[in-house]
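Content type compact mmCIF, C-alpha atoms, from the file protein26.txt:
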# COMPACT_ATOMS: atom_id res chain seq x y z
CA VAL H 1 25.64 -11.74 26.39
CA ALA H 2 28.22 -14.40 27.02
CA ASN H 3 25.93 -17.34 27.86
CA ASP H 4 29.04 -18.90 29.37
CA GLY H 5 27.73 -20.17 32.70
CA ALA H 6 30.03 -17.76 34.62
CA PHE H 7 29.66 -14.77 37.04
CA HIS H 8 30.09 -11.22 35.69
CA SER H 9 30.32 -7.70 37.20
CA ASP H 10 27.35 -6.39 35.20
CA ASN H 11 23.81 -7.67 35.03
CA PRO H 12 23.01 -10.41 34.77
CA ASN H 13 25.66 -11.28 37.36
CA TRP H 14 25.46 -14.92 36.40
CA ASP H 15 24.84 -15.78 32.79
CA GLY H 16 23.62 -19.34 32.28
CA ARG H 17 24.55 -21.44 29.32
CA VAL H 18 22.15 -21.88 26.43
CA THR H 19 20.45 -25.25 26.40
CA THR H 20 19.28 -26.46 23.01
CA VAL H 21 16.52 -29.05 22.98
CA GLY H 22 17.01 -31.45 20.08
CA LYS H 23 15.10 -34.52 19.03
CA GLY H 24 15.76 -38.21 18.68
CA SER H 25 16.33 -40.22 15.55
CA LEU H 26 15.29 -43.58 14.12
CA ARG H 27 17.33 -45.69 11.71
CA VAL H 28 16.30 -48.97 10.09
CA GLU H 29 18.59 -51.72 8.74
CA ALA H 30 18.11 -55.34 7.71
CA ASP H 31 19.15 -57.89 10.32
CA ASN H 32 20.18 -60.93 8.29
CA ASN H 33 21.83 -62.52 11.33
CA ALA H 34 18.48 -62.78 13.10
CA VAL H 35 16.83 -64.32 10.03
CA PRO H 36 19.47 -65.63 7.61
CA ALA H 37 18.71 -66.98 4.14
CA GLN H 38 16.86 -70.26 4.65
CA ASN H 39 14.31 -72.74 3.34
CA VAL H 40 10.71 -72.77 4.52
CA VAL H 41 7.89 -75.20 3.79
CA ALA H 42 4.75 -74.31 1.85
CA GLY H 43 1.76 -74.43 4.17
CA GLY H 44 3.83 -73.46 7.22
CA ASN H 45 2.43 -71.13 9.88
CA GLN H 46 4.36 -68.10 11.14
CA VAL H 47 7.45 -68.94 9.15
CA PRO H 48 10.26 -66.34 9.31
CA LEU H 49 10.23 -63.92 6.37
CA GLY H 50 12.96 -61.51 7.47
CA ALA H 51 14.14 -59.21 10.26
CA PHE H 52 14.97 -55.53 10.71
CA LYS H 53 17.02 -53.57 13.22
CA PHE H 54 15.46 -50.34 14.50
CA GLU H 55 17.89 -48.01 16.24
CA ALA H 56 16.37 -45.21 18.32
CA ARG H 57 18.73 -42.49 19.53
CA GLY H 58 18.14 -39.74 22.07
CA GLU H 59 14.67 -40.87 23.11
CA PRO H 60 12.19 -43.70 22.58
CA VAL H 61 10.43 -43.35 19.24
CA THR H 62 6.83 -44.28 18.45
CA PHE H 63 5.21 -44.76 15.06
CA THR H 64 1.71 -45.86 14.08
CA SER H 65 1.99 -46.81 10.43
CA TRP H 66 4.53 -48.68 8.33
CA VAL H 67 4.41 -50.42 4.99
CA MET H 68 6.40 -53.48 3.96
CA THR H 69 6.76 -54.79 0.41
CA ILE H 70 6.75 -58.53 -0.26
CA ALA H 71 8.48 -59.55 -3.48
CA THR H 72 8.05 -63.14 -4.67
CA THR H 73 9.48 -65.07 -7.60
CA ASP H 74 7.88 -67.97 -9.47
CA SER H 75 10.54 -70.59 -10.11
CA ASP H 76 8.85 -72.00 -13.21
CA SER H 77 7.09 -68.81 -14.39
CA GLY H 78 3.83 -70.72 -14.32
CA GLY H 79 1.83 -67.87 -12.81
CA GLU H 80 0.51 -69.89 -9.88
CA SER H 81 -1.33 -67.93 -7.19
CA SER H 82 0.56 -68.14 -3.89
CA THR H 83 -0.54 -66.55 -0.64
CA ILE H 84 1.03 -65.09 2.47
CA LEU H 85 -1.38 -64.32 5.30
CA SER H 86 -1.32 -63.16 8.94
CA VAL H 87 1.88 -61.16 8.64
CA THR H 88 3.03 -60.44 12.20
CA VAL H 89 6.00 -58.60 13.70
CA TYR H 90 7.69 -59.91 16.85
CA ASP H 91 10.20 -58.28 19.18
CA ALA H 92 13.35 -60.00 20.46
CA ASN H 93 11.35 -61.61 23.29
CA GLY H 94 8.91 -63.24 20.87
CA LYS H 95 6.07 -60.84 21.70
CA ALA H 96 3.85 -59.78 18.81
CA VAL H 97 4.02 -56.00 18.46
CA ALA H 98 2.20 -55.53 15.14
CA GLY H 99 -0.31 -57.57 13.16
CA PRO H 100 -1.48 -60.07 12.20
CA THR H 101 -2.34 -58.35 8.94
CA ASP H 102 -3.01 -59.76 5.48
CA PRO H 103 -1.36 -58.21 2.42
CA ALA H 104 -3.52 -55.98 0.27
CA SER H 105 -5.49 -57.97 -2.34
CA ASN H 106 -3.44 -58.53 -5.51
CA VAL H 107 -0.72 -56.24 -4.16
CA ARG H 108 2.31 -57.51 -2.28
CA THR H 109 2.32 -54.83 0.39
CA VAL H 110 1.40 -55.03 4.06
CA THR H 111 0.31 -51.94 5.97
CA LEU H 112 0.65 -52.25 9.75
CA THR H 113 -1.23 -49.69 11.83
CA ASP H 114 -0.39 -50.87 15.35
CA SER H 115 1.40 -48.35 17.55
CA VAL H 116 5.00 -49.49 18.05
CA THR H 117 7.46 -47.85 20.47
CA ILE H 118 11.16 -48.44 19.84
CA PRO H 119 13.25 -48.19 23.03
CA VAL H 120 16.54 -46.30 22.92
CA GLY H 121 19.20 -48.53 21.42
CA ILE H 122 19.25 -51.21 18.71
CA ASN H 123 16.19 -53.45 18.65
CA THR H 124 15.54 -56.39 16.31
CA TYR H 125 12.06 -57.16 15.01
CA THR H 126 11.24 -60.36 13.12
CA VAL H 127 8.54 -60.61 10.47
CA LYS H 128 6.62 -63.88 10.13
CA GLY H 129 3.66 -65.06 8.10
CA ASN H 130 1.50 -68.02 7.11
CA LEU H 131 2.21 -69.55 3.70
CA GLY H 132 -0.63 -71.03 1.70
CA SER H 133 -0.43 -74.77 1.08
CA THR H 134 -1.05 -74.37 -2.66
CA GLY H 135 0.50 -72.18 -5.32
CA TRP H 136 4.02 -72.38 -3.96
CA GLU H 137 6.57 -74.51 -5.77
CA ASN H 138 10.10 -75.63 -5.04
CA ASN H 139 12.56 -72.73 -5.20
CA ASP H 140 9.99 -69.94 -5.23
CA THR H 141 11.44 -67.07 -3.21
CA ILE H 142 10.20 -64.39 -0.81
CA ILE H 143 11.98 -61.11 -0.07
CA ILE H 144 10.50 -58.47 2.22
CA SER H 145 11.64 -54.88 2.30
CA ILE H 146 10.79 -51.42 3.53
CA GLN H 147 10.86 -49.25 0.44
CA THR H 148 12.54 -46.21 2.00
CA PRO H 149 11.77 -45.97 5.74
CA ALA H 150 11.72 -42.17 5.36
CA THR H 151 8.39 -42.45 3.52
CA LYS H 152 7.00 -45.86 4.48
CA ILE H 153 7.23 -45.41 8.27
CA THR H 154 4.96 -42.53 9.21
CA SER H 155 3.42 -40.74 12.19
CA VAL H 156 6.80 -40.99 13.92
CA THR H 157 7.17 -39.11 17.21
CA GLY H 158 9.83 -38.77 19.89
CA GLN H 159 8.41 -39.86 23.25
CA SER H 160 10.34 -37.28 25.29
CA THR H 161 10.19 -34.23 23.03
CA GLY H 162 6.96 -34.90 21.16
CA ASN H 163 8.75 -33.82 18.01
CA ALA H 164 8.11 -35.40 14.63
CA ILE H 165 10.96 -37.59 13.38
CA THR H 166 11.81 -38.67 9.86
CA PRO H 167 13.31 -42.18 9.85
CA THR H 168 16.40 -43.00 7.85
CA PRO H 169 17.62 -44.10 5.39
CA SER H 170 15.85 -42.64 2.36
CA SER H 171 16.70 -45.78 0.40
CA ASN H 172 15.29 -49.31 0.34
CA VAL H 173 16.05 -51.66 3.22
CA THR H 174 15.82 -55.27 2.05
CA ALA H 175 15.88 -58.43 4.14
CA THR H 176 17.41 -61.74 3.10
CA THR H 177 16.00 -64.23 0.58
CA ILE H 178 13.64 -66.94 1.85
CA THR H 179 13.23 -70.00 -0.40
CA VAL H 180 10.04 -72.05 -0.40
CA LYS H 181 10.33 -75.83 -0.53
CA ALA H 182 7.46 -78.27 -0.94
CA GLY H 183 7.43 -80.84 1.86
CA ALA H 184 8.78 -84.18 0.62
CA LEU H 185 10.39 -87.36 1.88
CA THR H 186 12.97 -89.19 -0.23
CA VAL H 187 13.90 -92.78 0.64
CA THR H 188 17.07 -94.31 -0.83
CA PRO H 189 19.00 -97.52 -0.01
CA ALA H 190 22.02 -96.83 2.19
CA THR H 191 25.41 -97.89 0.87
CA SER H 192 26.72 -98.54 4.37
CA LEU H 193 25.28 -102.08 4.38
CA PRO H 194 27.22 -104.22 1.90
CA ALA H 195 25.94 -107.36 0.18
CA GLN H 196 26.38 -110.40 2.42
CA ASN H 197 25.58 -114.08 2.83
CA ILE H 198 23.51 -115.41 5.74
CA ILE H 199 22.96 -118.90 7.10
CA ALA H 200 19.46 -120.20 7.68
CA PRO H 201 18.03 -120.47 10.21
CA SER H 202 19.27 -117.21 11.79
CA THR H 203 17.79 -114.46 13.96
CA GLY H 204 18.51 -110.75 14.31
CA ILE H 205 19.69 -110.46 10.72
CA GLU H 206 19.94 -106.95 9.31
CA LEU H 207 18.20 -107.11 5.96
CA GLY H 208 18.63 -103.53 4.77
CA ARG H 209 19.37 -99.89 5.54
CA PHE H 210 17.69 -96.83 4.08
CA THR H 211 18.40 -93.10 4.10
CA LEU H 212 15.41 -90.80 4.74
CA ASP H 213 15.77 -87.24 3.49
CA ALA H 214 13.01 -84.87 4.61
CA VAL H 215 12.66 -81.49 2.88
As structure tokens, what does this structure read like?
Amino acid sequence: VANDGAFHSDNPNWDGRVTTVGKGSLRVEADNNAVPAQNVVAGGNQVPLGAFKFEARGEPVTFTSWVMTIATTDSDSGGESSTILSVTVYDANGKAVAGPTDPASNVRTVTLTDSVTIPVGINTYTVKGNLGSTGWENNDTIIISIQTPATKITSVTGQSTGNAITPTPSSNVTATTITVKAGALTVTPATSLPAQNIIAPSTGIELGRFTLDAV
């Protein structure tokens, strides 16, 4: 049997080509352009924690469970208890597609169980969360990651074929570093106003200049 899509003298007179039905794929990468390394303020709500690119090929891909790891560092090793709550994932249009979910108690992992469908193509999703107002200190850091999408993104199905899909890669995908800063305001005299003499009585005299630095 030729299976060549051509006519023949014997039966079958026309031999159609073989069509093989495959399945789509899903790949995950960090998107550090969407959320670059930056400073955030302790106590802030829905501050950016990182972003990931999901690339679906062949068909839209749906999954119903994924686990993210949140690694934090303590700048002074003091062991303070810091919190991240209401972790939420947003699409490129700012629509929440998963969460809000709080990390597991005493464990820096977040399990999202909302059904998410990735359209064909490259799609960026941003992760945000609420930082507690206490426990964080200047220069503490936050790094979120998916510890091997192949195992931490599960119940993955192609929307057209209905076939199960194993995401790639089988290695860790880590977003950029977010640094926590305590809110502060520093006031210093500006050097742009030199010492000067004035004549009394006078009006509209500039008596001083100050530089305000908000962190």
Give me the residues near segment 186-202 of chain H as a compact mmCIF listing (two decimals) with C-alpha atoms, keeping the file's coordinate frame, where near means some atom within 10 Å (using all atoms listed in the file) and where sequence neighbours in that chain fewer than 3 positions away do not count.
# COMPACT_ATOMS: atom_id res chain seq x y z
CA ILE H 205 19.69 -110.46 10.72
CA GLU H 206 19.94 -106.95 9.31
CA LEU H 207 18.20 -107.11 5.96
CA GLY H 208 18.63 -103.53 4.77
CA ARG H 209 19.37 -99.89 5.54
CA PHE H 210 17.69 -96.83 4.08
CA THR H 211 18.40 -93.10 4.10
CA LEU H 212 15.41 -90.80 4.74
CA ASP H 213 15.77 -87.24 3.49
CA ALA H 214 13.01 -84.87 4.61
CA VAL H 215 12.66 -81.49 2.88
Item to check | Interatomic distance (Å, one decimal) between atom CA of Phe63 of chain H and atom CA of Ser155 of chain H | outcome: 5.3 Å
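Every protein, DNA or RNA residue with an atom at most 12 Å from Asn163 of chain H, where only C-alpha atoms count and chain neighbours fewer than 6 positions away do not, is listed here: Val21, Gly22, Lys23, Gly24, Ser25, Gly58, Glu59, Pro60, Val61, Thr62, Phe63, Ser155, Val156 and Thr157 of chain H.
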Would you write out those residues with C-alpha atoms, as a PDB file, in the frame of the given file?
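File produced: out13.pdb:
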ATOM      1  CA  VAL H  21      16.520 -29.050  22.980  1.00  0.00           C
ATOM      2  CA  GLY H  22      17.010 -31.450  20.080  1.00  0.00           C
ATOM      3  CA  LYS H  23      15.100 -34.520  19.030  1.00  0.00           C
ATOM      4  CA  GLY H  24      15.760 -38.210  18.680  1.00  0.00           C
ATOM      5  CA  SER H  25      16.330 -40.220  15.550  1.00  0.00           C
ATOM      6  CA  GLY H  58      18.140 -39.740  22.070  1.00  0.00           C
ATOM      7  CA  GLU H  59      14.670 -40.870  23.110  1.00  0.00           C
ATOM      8  CA  PRO H  60      12.190 -43.700  22.580  1.00  0.00           C
ATOM      9  CA  VAL H  61      10.430 -43.350  19.240  1.00  0.00           C
ATOM     10  CA  THR H  62       6.830 -44.280  18.450  1.00  0.00           C
ATOM     11  CA  PHE H  63       5.210 -44.760  15.060  1.00  0.00           C
ATOM     12  CA  SER H 155       3.420 -40.740  12.190  1.00  0.00           C
ATOM     13  CA  VAL H 156       6.800 -40.990  13.920  1.00  0.00           C
ATOM     14  CA  THR H 157       7.170 -39.110  17.210  1.00  0.00           C
TER      15      THR H 157
END
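Distances to Thr117 of chain H were evaluated for H:Thr203, H:Asp10, H:Glu55, H:Pro48 using only C-alpha atoms, and the minimum falls at H:Glu55.
For the set H:Ile153, H:Ile142, H:Val120, H:Ala56, the residue with the smallest atom-to-atom gap to Ala37 of chain H is H:Ile142, counting only C-alpha atoms.
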Item to check | Residue among H:Thr134, H:Thr151, H:Thr83, H:Phe54 lying closest to Val28 of chain H, counting all atoms listed in the file | outcome: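 Nearest candidate to Val28 of chain H out of H:Thr134, H:Thr151, H:Thr83, H:Phe54: H:Phe54.
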Next on the checklist: Would you compute the distance between atom CA of Thr124 of chain H and atom CA of Ala104 of chain H? Give it in Å to one decimal.
Outcome noted: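 A separation of 24.9 Å between them.
Distances from H:Ala71, H:Ala150, H:Val97, H:Ile118 to Ile165 of chain H were compared using only C-alpha atoms, and the smallest one belongs to H:Ala150.
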Next on the checklist: Nearest residue to Met68 of chain H out of H:Pro36, H:Pro169, H:Gly158, H:Pro103, using all atoms listed in the file?
Outcome noted: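 Closest residue, counting all atoms listed in the file: H:Pro103.
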Item to check | d(atom CA of Thr126 of chain H, atom CA of Arg108 of chain H) in Å | outcome: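 Between these atoms lies a distance of 18.0 Å.
Selection around (14.1, -56.7, 2.7) with radius 9 Å, counting only C-alpha atoms, yields the residues Ala30, Leu49, Gly50, Ala51, Phe52, Met68, Thr69, Ile70, Ala71, Ile143, Ile144, Ser145, Ile146, Gln147, Asn172, Val173, Thr174, Ala175, Thr176 and Thr177 of chain H.
Counting all atoms listed in the file and comparing H:Arg27, H:Lys95, H:Lys181, H:Arg57, the residue that lies closest to Ala42 of chain H is H:Lys181.
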Working from the structure I just supplied, which lacks atoms in segment 190-210 of chain H, can you model N, CA, C and O atoms there and output them as a PDB file, keeping the file's coordinate frame?
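The result, written out as rebuild-v1.pdb:
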ATOM      1  N   ALA H 190      20.739 -97.300   1.659  1.00  0.00           N
ATOM      2  CA  ALA H 190      22.020 -96.830   2.190  1.00  0.00           C
ATOM      3  C   ALA H 190      23.136 -97.733   1.693  1.00  0.00           C
ATOM      4  O   ALA H 190      22.987 -98.959   1.615  1.00  0.00           O
ATOM      5  N   THR H 191      24.256 -97.120   1.362  1.00  0.00           N
ATOM      6  CA  THR H 191      25.410 -97.890   0.870  1.00  0.00           C
ATOM      7  C   THR H 191      26.256 -98.447   1.994  1.00  0.00           C
ATOM      8  O   THR H 191      27.235 -99.163   1.745  1.00  0.00           O
ATOM      9  N   SER H 192      25.894 -98.104   3.239  1.00  0.00           N
ATOM     10  CA  SER H 192      26.720 -98.540   4.370  1.00  0.00           C
ATOM     11  C   SER H 192      26.517-100.007   4.723  1.00  0.00           C
ATOM     12  O   SER H 192      27.266-100.559   5.528  1.00  0.00           O
ATOM     13  N   LEU H 193      25.495-100.650   4.129  1.00  0.00           N
ATOM     14  CA  LEU H 193      25.280-102.080   4.380  1.00  0.00           C
ATOM     15  C   LEU H 193      25.649-102.843   3.102  1.00  0.00           C
ATOM     16  O   LEU H 193      24.925-102.806   2.118  1.00  0.00           O
ATOM     17  N   PRO H 194      26.787-103.530   3.115  1.00  0.00           N
ATOM     18  CA  PRO H 194      27.220-104.220   1.900  1.00  0.00           C
ATOM     19  C   PRO H 194      26.431-105.512   1.674  1.00  0.00           C
ATOM     20  O   PRO H 194      25.748-106.022   2.567  1.00  0.00           O
ATOM     21  N   ALA H 195      26.541-106.055   0.478  1.00  0.00           N
ATOM     22  CA  ALA H 195      25.940-107.360   0.180  1.00  0.00           C
ATOM     23  C   ALA H 195      26.609-108.410   1.060  1.00  0.00           C
ATOM     24  O   ALA H 195      27.814-108.346   1.342  1.00  0.00           O
ATOM     25  N   GLN H 196      25.842-109.414   1.503  1.00  0.00           N
ATOM     26  CA  GLN H 196      26.380-110.400   2.420  1.00  0.00           C
ATOM     27  C   GLN H 196      25.617-111.712   2.303  1.00  0.00           C
ATOM     28  O   GLN H 196      24.509-111.755   1.757  1.00  0.00           O
ATOM     29  N   ASN H 197      26.221-112.777   2.773  1.00  0.00           N
ATOM     30  CA  ASN H 197      25.580-114.080   2.830  1.00  0.00           C
ATOM     31  C   ASN H 197      25.145-114.365   4.259  1.00  0.00           C
ATOM     32  O   ASN H 197      25.822-113.987   5.218  1.00  0.00           O
ATOM     33  N   ILE H 198      23.995-115.035   4.419  1.00  0.00           N
ATOM     34  CA  ILE H 198      23.510-115.410   5.740  1.00  0.00           C
ATOM     35  C   ILE H 198      23.219-116.906   5.745  1.00  0.00           C
ATOM     36  O   ILE H 198      23.010-117.523   4.686  1.00  0.00           O
ATOM     37  N   ILE H 199      23.216-117.466   6.939  1.00  0.00           N
ATOM     38  CA  ILE H 199      22.960-118.900   7.100  1.00  0.00           C
ATOM     39  C   ILE H 199      21.596-119.068   7.735  1.00  0.00           C
ATOM     40  O   ILE H 199      21.281-118.440   8.757  1.00  0.00           O
ATOM     41  N   ALA H 200      20.784-119.911   7.130  1.00  0.00           N
ATOM     42  CA  ALA H 200      19.460-120.200   7.680  1.00  0.00           C
ATOM     43  C   ALA H 200      19.545-121.472   8.526  1.00  0.00           C
ATOM     44  O   ALA H 200      20.279-122.407   8.171  1.00  0.00           O
ATOM     45  N   PRO H 201      18.837-121.559   9.639  1.00  0.00           N
ATOM     46  CA  PRO H 201      18.030-120.470  10.210  1.00  0.00           C
ATOM     47  C   PRO H 201      18.906-119.513  11.022  1.00  0.00           C
ATOM     48  O   PRO H 201      19.890-119.935  11.631  1.00  0.00           O
ATOM     49  N   SER H 202      18.548-118.223  11.013  1.00  0.00           N
ATOM     50  CA  SER H 202      19.270-117.210  11.790  1.00  0.00           C
ATOM     51  C   SER H 202      18.276-116.200  12.323  1.00  0.00           C
ATOM     52  O   SER H 202      17.168-116.032  11.784  1.00  0.00           O
ATOM     53  N   THR H 203      18.646-115.514  13.400  1.00  0.00           N
ATOM     54  CA  THR H 203      17.790-114.460  13.960  1.00  0.00           C
ATOM     55  C   THR H 203      18.584-113.168  14.067  1.00  0.00           C
ATOM     56  O   THR H 203      19.819-113.172  14.118  1.00  0.00           O
ATOM     57  N   GLY H 204      17.869-112.058  14.145  1.00  0.00           N
ATOM     58  CA  GLY H 204      18.510-110.750  14.310  1.00  0.00           C
ATOM     59  C   GLY H 204      19.324-110.331  13.107  1.00  0.00           C
ATOM     60  O   GLY H 204      20.305-109.592  13.241  1.00  0.00           O
ATOM     61  N   ILE H 205      18.933-110.785  11.927  1.00  0.00           N
ATOM     62  CA  ILE H 205      19.690-110.460  10.720  1.00  0.00           C
ATOM     63  C   ILE H 205      19.265-109.079  10.204  1.00  0.00           C
ATOM     64  O   ILE H 205      18.065-108.776  10.098  1.00  0.00           O
ATOM     65  N   GLU H 206      20.236-108.260   9.907  1.00  0.00           N
ATOM     66  CA  GLU H 206      19.940-106.950   9.310  1.00  0.00           C
ATOM     67  C   GLU H 206      19.746-107.151   7.811  1.00  0.00           C
ATOM     68  O   GLU H 206      20.656-107.557   7.088  1.00  0.00           O
ATOM     69  N   LEU H 207      18.550-106.842   7.351  1.00  0.00           N
ATOM     70  CA  LEU H 207      18.200-107.110   5.960  1.00  0.00           C
ATOM     71  C   LEU H 207      18.393-105.895   5.053  1.00  0.00           C
ATOM     72  O   LEU H 207      18.460-106.054   3.826  1.00  0.00           O
ATOM     73  N   GLY H 208      18.451-104.702   5.613  1.00  0.00           N
ATOM     74  CA  GLY H 208      18.630-103.530   4.770  1.00  0.00           C
ATOM     75  C   GLY H 208      18.736-102.258   5.579  1.00  0.00           C
ATOM     76  O   GLY H 208      18.356-102.218   6.754  1.00  0.00           O
ATOM     77  N   ARG H 209      19.302-101.219   4.956  1.00  0.00           N
ATOM     78  CA  ARG H 209      19.370 -99.890   5.540  1.00  0.00           C
ATOM     79  C   ARG H 209      18.890 -98.874   4.504  1.00  0.00           C
ATOM     80  O   ARG H 209      19.141 -99.032   3.304  1.00  0.00           O
ATOM     81  N   PHE H 210      18.206 -97.833   4.987  1.00  0.00           N
ATOM     82  CA  PHE H 210      17.690 -96.830   4.080  1.00  0.00           C
ATOM     83  C   PHE H 210      17.978 -95.440   4.640  1.00  0.00           C
ATOM     84  O   PHE H 210      18.018 -95.227   5.863  1.00  0.00           O
TER      85      PHE H 210
END
